[in-house]
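Trainee: Dropping the structure in here first, questions after.
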Amino acid sequence: YYKISKALIVLCLRCIVLITQAQSRTWSFLQAPKEITLKLIRDPVTLSLASTDYGHIVHDNPFAIFAPSSISDISLLINFSNSLAIPITIAPRGQAHSIHGQAMTNDGVVVNMTELNGFRNGDGIIVVSDDTTATTIGPYADVGGEQIWIDVLHATLERGLTPLSWTDYLYLSVGGTLSNAGISGQTFRFGPQISNVHELDVVTGKGDLVTCSAENNSELFYAVLGGLGQFGIITRARIALGPAPTRVKWLRLLYNNFSAFSGDQEYLISVNGRNETNAADYVEGFLLLNQPPQDLSFYPEPDHPRITSLVTQYGIIYVIELVKYYDNSTQEHVDEDVNFWVEELKFVPTFMFEKDVSYEEFLNRVHADELFLRSQGLWDIPHPWLNLFVPASRISDFDEGVFKGIILQQNITAGLVIIYPMNRTKWDDNMSAVTPHDDVFYVVSFLHSTGFDKLEEFQAQNQQILQFCANAGIGIKQYLPQNKTQEEWEKQFGPKWKTFKERKAQFDPNSILSPGQGIFN
Ligand code: FAD
């Protein structure tokens, strides 16, 4: 009885706190300017949509959703929050493809960035190829922070241009990926998306709309890029463009030996591998595991049995994914260029497979998977993802301890496991994004999707991987970091923590922005 009464009292107190909080929020908003209150949405369906994300792991209940119809609305909302004795937290939400509630807020206001699309009236992406001021930086696109990359691709292709650095999946917002880094198989060559931005418009946590670049207001520029939404809301980004190819040679090479695989990946991203014009344009990799379901749709059907038996024989096969872009003018040499690197590589003889597709089909490849998964009801399910940056000097230990020691040994079906290296010189250390110290480091992504019944097992496996790395002293950094204690955040940022904190005090002194990251709240 004692225990039950105690639990009931705690529950009642919690309810009282929640009701009082909601009342005080309502009271606060009664004082807000009309331009704000008219754009607050509080119907249960909209509230519930904003209380979840692609991860389906965290659920935070916002007080309201804000539908801005201009950039100045966002400033107004932030100014209003800062004017309160207890400021309201504000979470910009791009496409909510975060995994762990990063675009959510409990009892605060979620800013639905996609509403800005309406305000821009179709002018969210402006491609500039012939502006005289562009001569020093080359062609660029001025893109609203709410825009998604697939639309940027379409708008730029119309002018024969393209961004240089991508993510694997293109239905992500520009503001959301620039708040992390934005990485894919082009990163080794062009750097992450944050390294391909000339200028930003940002509404800071103080409510000021500031244009910033490496030359002007550089502290804000560097803070925001990779800044996990902590310093301001990106409302425009000037993105570097280059000439667009039309087609790609798309190769997959299978390895049964990890050191041959990683050696070849590092060769391909090294200066040797990138000899003059015949450099690879994209290098990624992933694991083929002896577990159903294996997606072999890339490979010709007659080859499926021998691929399956190779995987069965070794338990784990490493696949390099390589791409060379071409167009009419380079078509003649493309096979020669591809052969130039392939001759040097140590994949299992005869296990090289090739496709020839349009540039757009290649870049938008994950969308085909999305459509399939949606049709099977397998898109809106929990995604206990873990993304790590692993120093190249410890990648063999990681293979032994994690791929062979944990993933292969456990009886849960792994999702897609991606692994590919990148060059640290292509990252700008002034920016908030963090990487390991090695000149070359790998991204390793465990992209699990599961039912709620298995969620805890995957979360436990992720913890085991992190624990292994800690015990073995592998200096990893988390990409799209999540769920950290204060001490872990300090460790994640390492020497950058002091600057990160100072920038927070400078640009968002009341810690109102992106509370779902869980860094300052
Ligand atoms: P949201 O989840 O909406 O927001 C992310 C964070 O940024 C939140 O803290 C939010 O408050 C903040 N934020 C949102 N908009 C703004 C803004 N305008 N200004 C400031 N802060 C803002 N990432 C890669 O790098 N490479 C990949 O290949 C890749 N592939 C993916 C594939 C899938 C299927 C999914 C689901 C995710 C993938 N990601 C990848 C991760 C993705 O880049 C990040 O989750 C990114 O944050 C998603 O963008 P979003 O618009 O959904 O951001």
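Labeling convention for the structure tokens: chains A, B, ... as they appear, residues from 1 per chain, ligands from 1 in order of appearance.
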Could you write out, as a VMD selection string, all the residues of region 49-172 of chain A that DSSP marks as helix (DSSP H, G or I)?

Mentor: chain A and resid 49 71 to 83 113 to 120 132 to 135 149 to 157

Trainee: Report the closest atom pair, with its distance in Å rounded to one decimal, for each residue of chain A that has an atom no farther than 7 Å from ligand 1; count only C-alpha atoms and all ligand atoms, sort by chain and then rising residue number, and write it as a tab-separated table.

Mentor:
residue	atom	partner	partner_atom_place_in_ligand_line	distance
A:Tyr54	CA	ligand 1	36 (C)	5.8
A:Ala91	CA	ligand 1	11 (O)	4.7
A:Pro92	CA	ligand 1	11 (O)	4.3
A:Arg93	CA	ligand 1	3 (O)	3.9
A:Gly94	CA	ligand 1	3 (O)	3.4
A:Gln95	CA	ligand 1	52 (O)	3.5
A:Ala96	CA	ligand 1	2 (O)	3.4
A:His97	CA	ligand 1	52 (O)	3.5
A:Ser98	CA	ligand 1	2 (O)	3.8
A:Ile99	CA	ligand 1	45 (O)	6.7
A:Gln102	CA	ligand 1	9 (O)	4.2
A:Ala103	CA	ligand 1	8 (C)	3.9
A:Met104	CA	ligand 1	11 (O)	6.9
A:Met113	CA	ligand 1	18 (N)	6.7
A:Gly145	CA	ligand 1	18 (N)	4.5
A:Glu146	CA	ligand 1	18 (N)	5.8
A:Thr167	CA	ligand 1	28 (O)	3.7
A:Asp168	CA	ligand 1	28 (O)	3.5
A:Tyr169	CA	ligand 1	32 (C)	4.7
A:Leu172	CA	ligand 1	49 (O)	4.4
A:Ser173	CA	ligand 1	51 (O)	3.6
A:Val174	CA	ligand 1	51 (O)	6.5
A:Gly175	CA	ligand 1	18 (N)	3.5
A:Gly176	CA	ligand 1	53 (O)	3.6
A:Thr177	CA	ligand 1	43 (O)	4.4
A:Ser179	CA	ligand 1	7 (O)	5.2
A:Asn180	CA	ligand 1	47 (O)	6.2
A:Ala181	CA	ligand 1	25 (O)	5.7
A:Gly182	CA	ligand 1	25 (O)	3.4
A:Ile183	CA	ligand 1	25 (O)	4.0
A:Ser184	CA	ligand 1	28 (O)	5.1
A:Leu228	CA	ligand 1	9 (O)	5.3
A:Gly229	CA	ligand 1	21 (N)	3.7
A:Gly232	CA	ligand 1	20 (C)	5.8
A:Ile233	CA	ligand 1	19 (N)	3.6
A:Ile234	CA	ligand 1	19 (N)	3.8
A:Thr235	CA	ligand 1	18 (N)	5.7
A:Leu480	CA	ligand 1	45 (O)	6.7
A:Ser514	CA	ligand 1	11 (O)	4.4
A:Gly516	CA	ligand 1	9 (O)	6.3
A:Gln517	CA	ligand 1	9 (O)	5.8

Trainee: So which residues of region 121-217 of chain A fall under strand (DSSP E) by DSSP, listed as a ChimeraX atom specification?

Mentor: /A:125-128,140-144,161-163,197-204,209-213

Trainee: List as a Markdown table every residue of region 400-503 of chain A that is in contact with region 253-264 of chain A, defined as an atom at most 10 Å from one of its atoms (using only C-alpha atoms), together with the nearest atom pair and the distance in Å rounded to one decimal, sorted by chain and then rising number.

Mentor:
| residue | atom | partner | partner_atom | distance |
| --- | --- | --- | --- | --- |
| A:Glu400 | CA | A:Phe258 | CA | 9.3 |
| A:Ile419 | CA | A:Ser262 | CA | 9.2 |
| A:Tyr420 | CA | A:Ser262 | CA | 8.2 |
| A:Pro421 | CA | A:Ser262 | CA | 8.3 |
| A:Tyr442 | CA | A:Ser262 | CA | 9.6 |

Trainee: Between A:Tyr325, A:Pro300, A:Val210, A:Asn217, which residue has the minimum interatomic distance to Leu164 (chain A), considering only C-alpha atoms?

Mentor: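 That would be A:Tyr325, the residue with the smallest distance to Leu164 (chain A).
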
Trainee: Enter the distance from CA of Leu455 (chain A) to CA of Asp43 (chain A), in Å, rounded to one decimal.

Mentor: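 Here the two named atoms are 29.7 Å from each other.
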